[in-house]
$ cat model-v3.cif   # mmCIF, C-alpha atoms
data_query
#
loop_
_atom_site.label_atom_id
_atom_site.label_comp_id
_atom_site.auth_asym_id
_atom_site.auth_seq_id
_atom_site.Cartn_x
_atom_site.Cartn_y
_atom_site.Cartn_z
CA MET A 1 114.70 108.57 157.48
CA SER A 2 117.69 109.84 155.55
CA ILE A 3 117.82 109.50 151.79
CA ILE A 4 120.83 107.25 152.04
CA THR A 5 118.76 104.52 153.70
CA ASN A 6 116.53 104.42 150.65
CA ILE A 7 119.45 103.42 148.46
CA ASN A 8 118.79 99.72 148.41
CA LYS A 9 121.94 97.62 148.76
CA ALA A 10 120.33 94.82 146.79
CA PHE A 11 120.14 97.11 143.74
CA ASP A 12 123.48 98.78 144.23
CA HIS A 13 125.11 96.76 141.50
CA ARG A 14 125.07 97.29 137.73
CA ILE A 15 123.77 93.85 136.81
CA ARG A 16 121.06 93.66 139.47
CA LEU A 17 119.95 97.15 138.52
CA GLY A 18 119.86 95.98 134.90
CA ILE A 19 117.80 92.88 135.68
CA MET A 20 115.26 94.97 137.58
CA SER A 21 115.09 97.62 134.83
CA ILE A 22 114.25 95.00 132.22
CA LEU A 23 111.69 93.24 134.41
CA MET A 24 109.97 96.50 135.36
CA VAL A 25 108.86 97.11 131.76
CA ASN A 26 108.26 93.50 130.74
CA GLU A 27 105.76 91.02 132.06
CA TYR A 28 108.58 88.50 132.20
CA ALA A 29 111.93 87.77 130.58
CA ASP A 30 113.76 84.48 130.19
CA PHE A 31 117.36 83.70 131.06
CA ASN A 32 118.75 84.08 127.54
CA THR A 33 116.99 87.40 126.93
CA LEU A 34 118.46 88.81 130.13
CA LYS A 35 121.87 87.42 129.26
CA GLU A 36 121.88 89.03 125.82
CA LEU A 37 120.56 92.39 126.97
CA LEU A 38 123.01 92.63 129.85
CA GLY A 39 125.97 91.02 128.14
CA VAL A 40 126.96 88.85 131.10
CA THR A 41 128.03 85.25 131.58
CA ASP A 42 125.65 82.48 132.69
CA GLY A 43 127.21 82.11 136.13
CA ASN A 44 127.26 85.82 136.75
CA LEU A 45 123.61 86.25 135.81
CA ALA A 46 122.55 83.20 137.82
CA SER A 47 124.17 84.48 141.00
CA HIS A 48 122.55 87.91 140.66
CA THR A 49 119.08 86.54 139.92
CA LYS A 50 119.53 84.22 142.91
CA ALA A 51 120.35 87.20 145.14
CA LEU A 52 117.28 89.09 143.93
CA GLU A 53 115.12 86.03 144.45
CA LEU A 54 116.39 85.62 148.02
CA SER A 55 115.35 89.21 148.74
CA GLU A 56 111.95 88.24 147.25
CA TYR A 57 112.20 90.97 144.62
CA ILE A 58 111.80 88.63 141.66
CA ASN A 59 110.03 85.35 140.92
CA ILE A 60 111.83 82.53 139.21
CA GLU A 61 109.67 80.16 137.24
CA LYS A 62 111.19 77.02 135.75
CA GLN A 63 109.38 75.25 132.96
CA PHE A 64 109.97 73.18 129.86
CA ILE A 65 109.44 74.36 126.30
CA GLY A 66 109.34 71.06 124.49
CA ARG A 67 112.30 69.26 126.03
CA LYS A 68 114.34 72.40 126.68
CA PRO A 69 114.37 73.82 130.18
CA ASN A 70 113.42 77.48 130.26
CA THR A 71 113.66 79.84 133.21
CA ARG A 72 111.42 82.88 133.37
CA TYR A 73 111.84 85.83 135.64
CA SER A 74 109.31 88.42 136.75
CA THR A 75 109.17 91.08 139.44
CA THR A 76 107.27 90.66 142.69
CA LYS A 77 105.07 93.38 144.13
CA LEU A 78 107.72 93.99 146.78
CA GLY A 79 110.44 94.17 144.14
CA ARG A 80 108.56 96.80 142.14
CA ALA A 81 107.93 98.94 145.20
CA GLU A 82 111.54 98.70 146.37
CA PHE A 83 112.90 99.47 142.92
CA LYS A 84 110.74 102.60 142.68
CA LYS A 85 112.01 103.74 146.07
CA HIS A 86 115.55 103.12 144.93
CA ILE A 87 115.08 105.16 141.75
CA ASN A 88 113.53 108.02 143.69
CA ALA A 89 116.49 107.96 146.06
CA LEU A 90 118.89 108.04 143.10
CA GLU A 91 117.06 111.02 141.62
CA LYS A 92 117.20 112.90 144.89
CA LEU A 93 120.91 112.24 145.20
CA ILE A 94 121.51 113.58 141.71
CA ASN A 95 119.33 116.63 142.18
CA LYS A 96 120.95 117.53 145.48
CA MET C 1 129.53 106.02 144.52
CA GLY C 2 129.59 109.61 143.29
CA THR C 3 126.81 111.55 141.60
CA LYS C 4 128.34 110.78 138.24
CA ASP C 5 128.01 107.05 138.82
CA TYR C 6 124.36 107.43 139.77
CA LEU C 7 123.72 109.47 136.65
CA GLN C 8 125.29 106.71 134.63
CA ASP C 9 123.08 104.19 136.45
CA ILE C 10 119.95 106.12 135.51
CA GLY C 11 121.13 106.31 131.91
CA GLU C 12 121.68 102.57 131.81
CA ILE C 13 118.28 101.87 133.39
CA LYS C 14 116.58 103.97 130.73
CA GLU C 15 118.49 102.32 127.92
CA LEU C 16 117.71 98.81 129.15
CA MET C 17 114.03 99.63 129.64
CA ASN C 18 113.80 100.91 126.07
CA LYS C 19 115.90 98.20 124.50
CA SER C 20 114.04 95.40 126.24
CA SER C 21 110.54 96.63 125.50
CA ARG C 22 110.72 98.49 122.19
CA PHE C 23 111.89 97.60 118.74
CA ILE C 24 113.42 100.80 117.44
CA SER C 25 115.10 99.80 114.20
CA LEU C 26 112.11 100.57 111.96
CA SER C 27 113.45 102.13 108.82
CA GLY C 28 112.19 105.56 107.74
CA LEU C 29 113.27 104.83 104.19
CA SER C 30 110.83 101.90 104.01
CA GLY C 31 108.02 104.34 104.90
CA ILE C 32 109.02 106.61 102.03
CA LEU C 33 109.14 103.69 99.60
CA ALA C 34 105.79 102.31 100.84
CA GLY C 35 104.28 105.73 100.09
CA ILE C 36 105.78 105.75 96.60
CA TYR C 37 104.45 102.23 95.90
CA ALA C 38 101.02 103.33 97.11
CA LEU C 39 101.08 106.31 94.73
CA ILE C 40 102.15 104.15 91.79
CA GLY C 41 99.53 101.53 92.68
CA ALA C 42 96.85 104.22 92.97
CA ALA C 43 97.83 105.64 89.58
CA VAL C 44 97.54 102.16 88.06
CA ALA C 45 94.11 101.64 89.65
CA TYR C 46 92.98 105.06 88.45
CA TRP C 47 94.14 104.30 84.94
CA LEU C 48 92.46 100.86 85.00
CA VAL C 49 89.10 102.27 86.09
CA THR C 50 89.01 105.36 83.87
CA ASN C 51 90.03 103.32 80.83
CA SER C 52 87.43 100.65 81.45
CA ALA C 53 84.19 100.71 79.49
CA ARG C 54 82.06 101.77 82.49
CA GLN C 55 84.53 104.19 84.09
CA TYR C 56 83.48 103.15 87.58
CA LEU C 57 84.12 100.18 89.76
CA ILE C 58 81.73 97.26 90.04
CA LEU C 59 82.16 94.11 92.04
CA ASP C 60 82.94 90.78 90.33
CA GLY C 61 84.17 92.53 87.22
CA LYS C 62 87.56 91.94 85.66
CA ILE C 63 88.67 95.47 86.53
CA PHE C 64 87.73 94.95 90.15
CA ARG C 65 89.88 91.85 90.34
CA LEU C 66 92.76 93.75 88.76
CA VAL C 67 92.38 96.54 91.33
CA LEU C 68 92.40 93.97 94.13
CA LEU C 69 95.54 92.43 92.66
CA ASP C 70 97.04 95.92 92.48
CA LEU C 71 96.27 96.52 96.18
CA PHE C 72 97.71 93.16 97.11
CA LEU C 73 100.91 93.91 95.17
CA ILE C 74 101.33 97.28 96.92
CA ALA C 75 101.01 95.61 100.31
CA PHE C 76 103.32 92.75 99.36
CA VAL C 77 106.12 94.90 97.92
CA SER C 78 105.86 97.33 100.87
CA ILE C 79 106.22 94.49 103.38
CA ILE C 80 109.21 92.98 101.56
CA THR C 81 110.90 96.40 101.42
CA ALA C 82 110.20 97.04 105.10
CA ILE C 83 111.62 93.65 106.11
CA TYR C 84 114.75 94.16 104.03
CA LEU C 85 115.50 97.72 105.17
CA THR C 86 114.63 97.02 108.80
CA THR C 87 116.91 93.98 108.87
CA ARG C 88 119.70 96.13 107.50
CA LYS C 89 119.13 98.86 110.04
CA ALA C 90 118.83 96.41 112.94
CA LYS C 91 122.20 94.93 111.99
CA LYS C 92 123.72 98.38 112.05
CA ASN C 93 122.16 99.09 115.47
CA ASP C 94 123.35 95.74 116.76
CA GLU C 95 119.74 94.85 117.48
CA LYS C 96 118.21 91.47 116.72
CA VAL C 97 115.52 91.51 114.03
CA TRP C 98 113.58 88.57 115.37
CA ASP C 99 113.43 88.80 119.15
CA VAL C 100 110.83 89.31 121.83
CA SER C 101 110.46 93.03 121.14
CA SER C 102 110.02 92.74 117.36
CA ARG C 103 107.64 89.79 117.73
CA ARG C 104 105.55 91.75 120.19
CA LEU C 105 105.56 94.74 117.85
CA ILE C 106 104.40 92.69 114.87
CA LEU C 107 101.73 90.84 116.85
CA ASN C 108 100.23 94.05 118.21
CA PHE C 109 100.37 95.68 114.79
CA LEU C 110 98.66 92.71 113.14
CA ILE C 111 95.73 92.27 115.55
CA PRO C 112 93.76 95.39 114.47
CA LEU C 113 95.04 95.09 110.90
CA VAL C 114 93.97 91.49 110.34
CA ALA C 115 90.65 92.02 112.12
CA GLY C 116 90.04 95.05 109.87
CA GLY C 117 91.18 93.24 106.73
CA LEU C 118 88.84 90.33 107.36
CA TYR C 119 85.97 92.69 108.14
CA ILE C 120 86.54 94.53 104.86
CA LEU C 121 86.59 91.24 102.93
CA ILE C 122 83.37 90.13 104.65
CA ILE C 123 81.46 93.31 103.81
CA LEU C 124 82.85 93.32 100.27
CA GLY C 125 81.30 89.87 99.99
CA GLN C 126 78.00 91.46 101.03
CA GLN C 127 78.29 94.02 98.20
CA LYS C 128 78.95 96.91 100.59
CA TYR C 129 82.03 98.51 99.16
CA GLY C 130 81.41 102.23 99.64
CA GLN C 131 83.32 102.35 102.92
CA THR C 132 86.33 100.26 101.90
CA ALA C 133 88.86 103.13 101.76
CA ALA C 134 87.59 104.57 105.05
CA LEU C 135 87.84 101.20 106.80
CA MET C 136 91.34 100.57 105.47
CA LEU C 137 92.50 103.95 106.80
CA ILE C 138 90.80 103.52 110.19
CA PHE C 139 92.06 100.01 110.87
CA TYR C 140 95.56 100.84 109.64
CA GLY C 141 95.57 103.85 111.96
CA LEU C 142 94.44 101.71 114.90
CA ALA C 143 97.17 99.18 114.11
CA LEU C 144 99.79 101.95 114.17
CA VAL C 145 98.53 103.37 117.47
CA ASN C 146 98.55 99.89 118.99
CA ALA C 147 102.06 99.13 117.70
CA ALA C 148 103.50 102.46 118.84
CA LYS C 149 103.67 101.19 122.43
CA TYR C 150 106.28 98.70 121.31
CA SER C 151 108.31 100.84 118.95
CA ILE C 152 109.33 104.41 118.29
CA GLY C 153 106.57 106.21 120.18
CA ASN C 154 105.84 108.82 117.54
CA ILE C 155 104.36 106.47 114.93
CA ARG C 156 101.32 106.92 117.19
CA TYR C 157 100.73 110.35 115.60
CA LEU C 158 100.77 108.88 112.10
CA GLY C 159 98.12 106.48 113.41
CA TYR C 160 95.96 109.33 114.74
CA ILE C 161 96.11 111.13 111.40
CA GLU C 162 95.17 107.95 109.50
CA ILE C 163 92.17 107.41 111.80
CA VAL C 164 90.97 111.01 111.32
CA LEU C 165 91.39 110.70 107.55
CA GLY C 166 89.44 107.44 107.69
CA LEU C 167 86.56 109.10 109.53
CA ILE C 168 86.51 112.01 107.07
CA CYS C 169 86.54 109.43 104.30
CA ALA C 170 83.54 107.68 105.86
CA MET C 171 81.59 110.94 105.66
CA PHE C 172 82.59 111.64 102.06
CA PRO C 173 82.89 108.22 100.42
CA GLY C 174 82.99 109.91 97.03
CA TYR C 175 86.48 111.17 97.82
CA GLY C 176 87.57 107.73 99.07
CA PHE C 177 90.16 107.27 96.37
CA TRP C 178 91.85 110.63 96.97
CA LEU C 179 91.84 110.25 100.75
CA TRP C 180 93.36 106.80 100.33
CA VAL C 181 96.10 108.33 98.16
CA LEU C 182 96.66 110.98 100.83
CA GLY C 183 96.70 108.49 103.73
CA PHE C 184 98.75 105.68 102.25
CA GLY C 185 100.83 107.59 99.73
CA VAL C 186 101.53 111.18 100.72
CA LEU C 187 101.47 110.62 104.50
CA HIS C 188 103.86 107.66 104.30
CA ILE C 189 106.32 109.69 102.26
CA ALA C 190 106.06 112.68 104.62
CA TYR C 191 106.35 110.58 107.75
CA GLY C 192 109.06 108.32 106.37
CA SER C 193 111.14 111.39 105.45
CA LEU C 194 110.66 112.81 108.93
CA MET C 195 111.82 109.56 110.52
CA TYR C 196 114.63 109.20 108.04
CA PHE C 197 116.11 112.59 108.82
CA LYS C 198 115.48 112.28 112.54
CA TYR C 199 116.84 108.77 113.15
CA ASP C 200 118.51 107.22 110.12
CA MET C 201 120.83 110.06 109.19
CA LYS C 202 122.63 109.84 112.52
#

$ encode --input "model-v3.cif" --output "structure tokens"
Amino acid sequence: MSIITNINKAFDHRIRLGIMSILMVNEYADFNTLKELLGVTDGNLASHTKALELSEYINIEKQFIGRKPNTRYSTTKLGRAEFKKHINALEKLINK
Amino acid sequence: MGTKDYLQDIGEIKELMNKSSRFISLSGLSGILAGIYALIGAAVAYWLVTNSARQYLILDGKIFRLVLLDLFLIAFVSIITAIYLTTRKAKKNDEKVWDVSSRRLILNFLIPLVAGGLYILIILGQQKYGQTAALMLIFYGLALVNAAKYSIGNIRYLGYIEIVLGLICAMFPGYGFWLWVLGFGVLHIAYGSLMYFKYDMK
């Protein structure tokens, strides 16, 4: 397998990479936390989390805090493994 | 994407991982000031005890209550200073003072500290006060080590030193006062200065 195939298309975007980075070191993060850390708009963030969810790399958990809806995100086992592979591939590309 | 873009990606990943999991705006200056307050407080306590009729500390006495008040004041003023300076620094760093990372930091700092504080109060109530300085140093050290995971990593080493001092203090309770001065006064000033020149001056 060439190194290029390990570069995961799903992560080959600044915002998706950012979402994964935050979720790798946190048990979970909610929508507003992600939004603030990444400095993106609601719609933009929603579409990227949706894409990651479709690839089954993150879990989306909707709940209510009082009467306010709150969406929490966390990585899946698959997501963590794929992200690690992606980072290793990035490192190899840089060190080449 | 060229190599340069990937390098930038890695840089951004690192930054986001740090920013989202650690609260880094702790102020070095507040460490220095906390040390100075501790020294002043210790001097006051020393003066109170040596000028009392007995020249040593007994429980339930007036002097003892004054010393407790003194300790409480040191802690209170240190906390207020830390909150003020940290808020100021966080604003400068464009970091929120009260967010997930700072809440997590405070919670993990407080768990060993509050457990230790309550334990000390309980054994003081049982007239066992010989180990108070040692216990304060040990539990404070544990709190720092625990909090270091969620902040600037190197406050861990301050924690290690406090724990070692605490254990030494437990062996030589007669030097409790001086080890307390060293741990809470001198070490805070030294460590605060180190942090101040390393991070705040930038």

$ interface_residues --input "model-v3.cif" --of "chain C" --to "chain A" --cutoff "10 Å" --atoms "all atoms listed in the file" --output "list in words"
Met1, Gly2, Thr3, Lys4, Asp5, Tyr6, Leu7, Gln8, Asp9, Ile10, Glu12, Ile13, Lys14, Glu15, Leu16, Met17, Asn18, Lys19, Ser20, Ser21, Arg22, Glu95, Asp99, Val100 and Ser101 of chain C

$ write_last_selection --input "model-v3.cif" --atoms "C-alpha atoms" --output "mmCIF file, in the coordinates of the input"
data_model
loop_
_atom_site.group_PDB
_atom_site.id
_atom_site.type_symbol
_atom_site.label_atom_id
_atom_site.label_comp_id
_atom_site.auth_asym_id
_atom_site.auth_seq_id
_atom_site.Cartn_x
_atom_site.Cartn_y
_atom_site.Cartn_z
ATOM 1 C CA MET C 1 129.530 106.020 144.520
ATOM 2 C CA GLY C 2 129.590 109.610 143.290
ATOM 3 C CA THR C 3 126.810 111.550 141.600
ATOM 4 C CA LYS C 4 128.340 110.780 138.240
ATOM 5 C CA ASP C 5 128.010 107.050 138.820
ATOM 6 C CA TYR C 6 124.360 107.430 139.770
ATOM 7 C CA LEU C 7 123.720 109.470 136.650
ATOM 8 C CA GLN C 8 125.290 106.710 134.630
ATOM 9 C CA ASP C 9 123.080 104.190 136.450
ATOM 10 C CA ILE C 10 119.950 106.120 135.510
ATOM 11 C CA GLU C 12 121.680 102.570 131.810
ATOM 12 C CA ILE C 13 118.280 101.870 133.390
ATOM 13 C CA LYS C 14 116.580 103.970 130.730
ATOM 14 C CA GLU C 15 118.490 102.320 127.920
ATOM 15 C CA LEU C 16 117.710 98.810 129.150
ATOM 16 C CA MET C 17 114.030 99.630 129.640
ATOM 17 C CA ASN C 18 113.800 100.910 126.070
ATOM 18 C CA LYS C 19 115.900 98.200 124.500
ATOM 19 C CA SER C 20 114.040 95.400 126.240
ATOM 20 C CA SER C 21 110.540 96.630 125.500
ATOM 21 C CA ARG C 22 110.720 98.490 122.190
ATOM 22 C CA GLU C 95 119.740 94.850 117.480
ATOM 23 C CA ASP C 99 113.430 88.800 119.150
ATOM 24 C CA VAL C 100 110.830 89.310 121.830
ATOM 25 C CA SER C 101 110.460 93.030 121.140
#

$ closest_residue --input "model-v3.cif" --among "A:Ile60, A:Leu52, A:Leu78, A:Ile7" --to "Phe31 in chain A" --atoms "only C-alpha atoms"
A:Ile60

$ atom_distance --input "model-v3.cif" --atom1 "CA of Pro112 in chain C" --atom2 "CA of Thr86 in chain C"
21.7 Å

$ resolve_selection --input "model-v3.cif" --expression "the PyMOL selection byres ((chain C and resi 140) around 10)" --output "PyMOL selection string"
chain C and resi 109-110+112-114+116-117+134-139+141-146+158-160+162-163+166+183-184

$ residues_around --input "model-v3.cif" --residues "Asp42 in chain A" --least-positions-apart "3" --cutoff "9 Å" --atoms "all atoms listed in the file" --output "ChimeraX atom specification"
/A:31-32,35,45-47

$ write_last_selection --input "model-v3.cif" --atoms "C-alpha atoms" --output "PDB file, keeping the file's coordinate frame"
ATOM      1  CA  PHE A  31     117.360  83.700 131.060  1.00  0.00           C
ATOM      2  CA  ASN A  32     118.750  84.080 127.540  1.00  0.00           C
ATOM      3  CA  LYS A  35     121.870  87.420 129.260  1.00  0.00           C
ATOM      4  CA  LEU A  45     123.610  86.250 135.810  1.00  0.00           C
ATOM      5  CA  ALA A  46     122.550  83.200 137.820  1.00  0.00           C
ATOM      6  CA  SER A  47     124.170  84.480 141.000  1.00  0.00           C
TER       7      SER A  47
END

$ residues_around --input "model-v3.cif" --residues "Leu39 in chain C" --least-positions-apart "4" --cutoff "12 Å" --atoms "only C-alpha atoms" --output "count of residues only"
25

$ resolve_selection --input "model-v3.cif" --expression "the PyMOL selection byres ((chain A and resi 80-83) around 8)" --output "MDAnalysis selection string"
chainID A and resid 8 11 20 24 57 75:79 84:87

$ atom_distance --input "model-v3.cif" --atom1 "CA of Ser27 in chain C" --atom2 "CA of Leu85 in chain C"
6.1 Å

$ resolve_selection --input "model-v3.cif" --expression "the PyMOL selection byres ((chain C and resi 30) around 12)" --output "PyMOL selection string"
chain C and resi 25-29+31-37+77-89+188-196+200

$ atom_distance --input "model-v3.cif" --atom1 "CA of Tyr199 in chain C" --atom2 "CA of Phe23 in chain C"
13.4 Å

$ closest_residue --input "model-v3.cif" --among "C:Asn93, C:Leu105, C:Ala38, C:Thr50" --to "Ala75 in chain C" --atoms "all atoms listed in the file"
C:Ala38
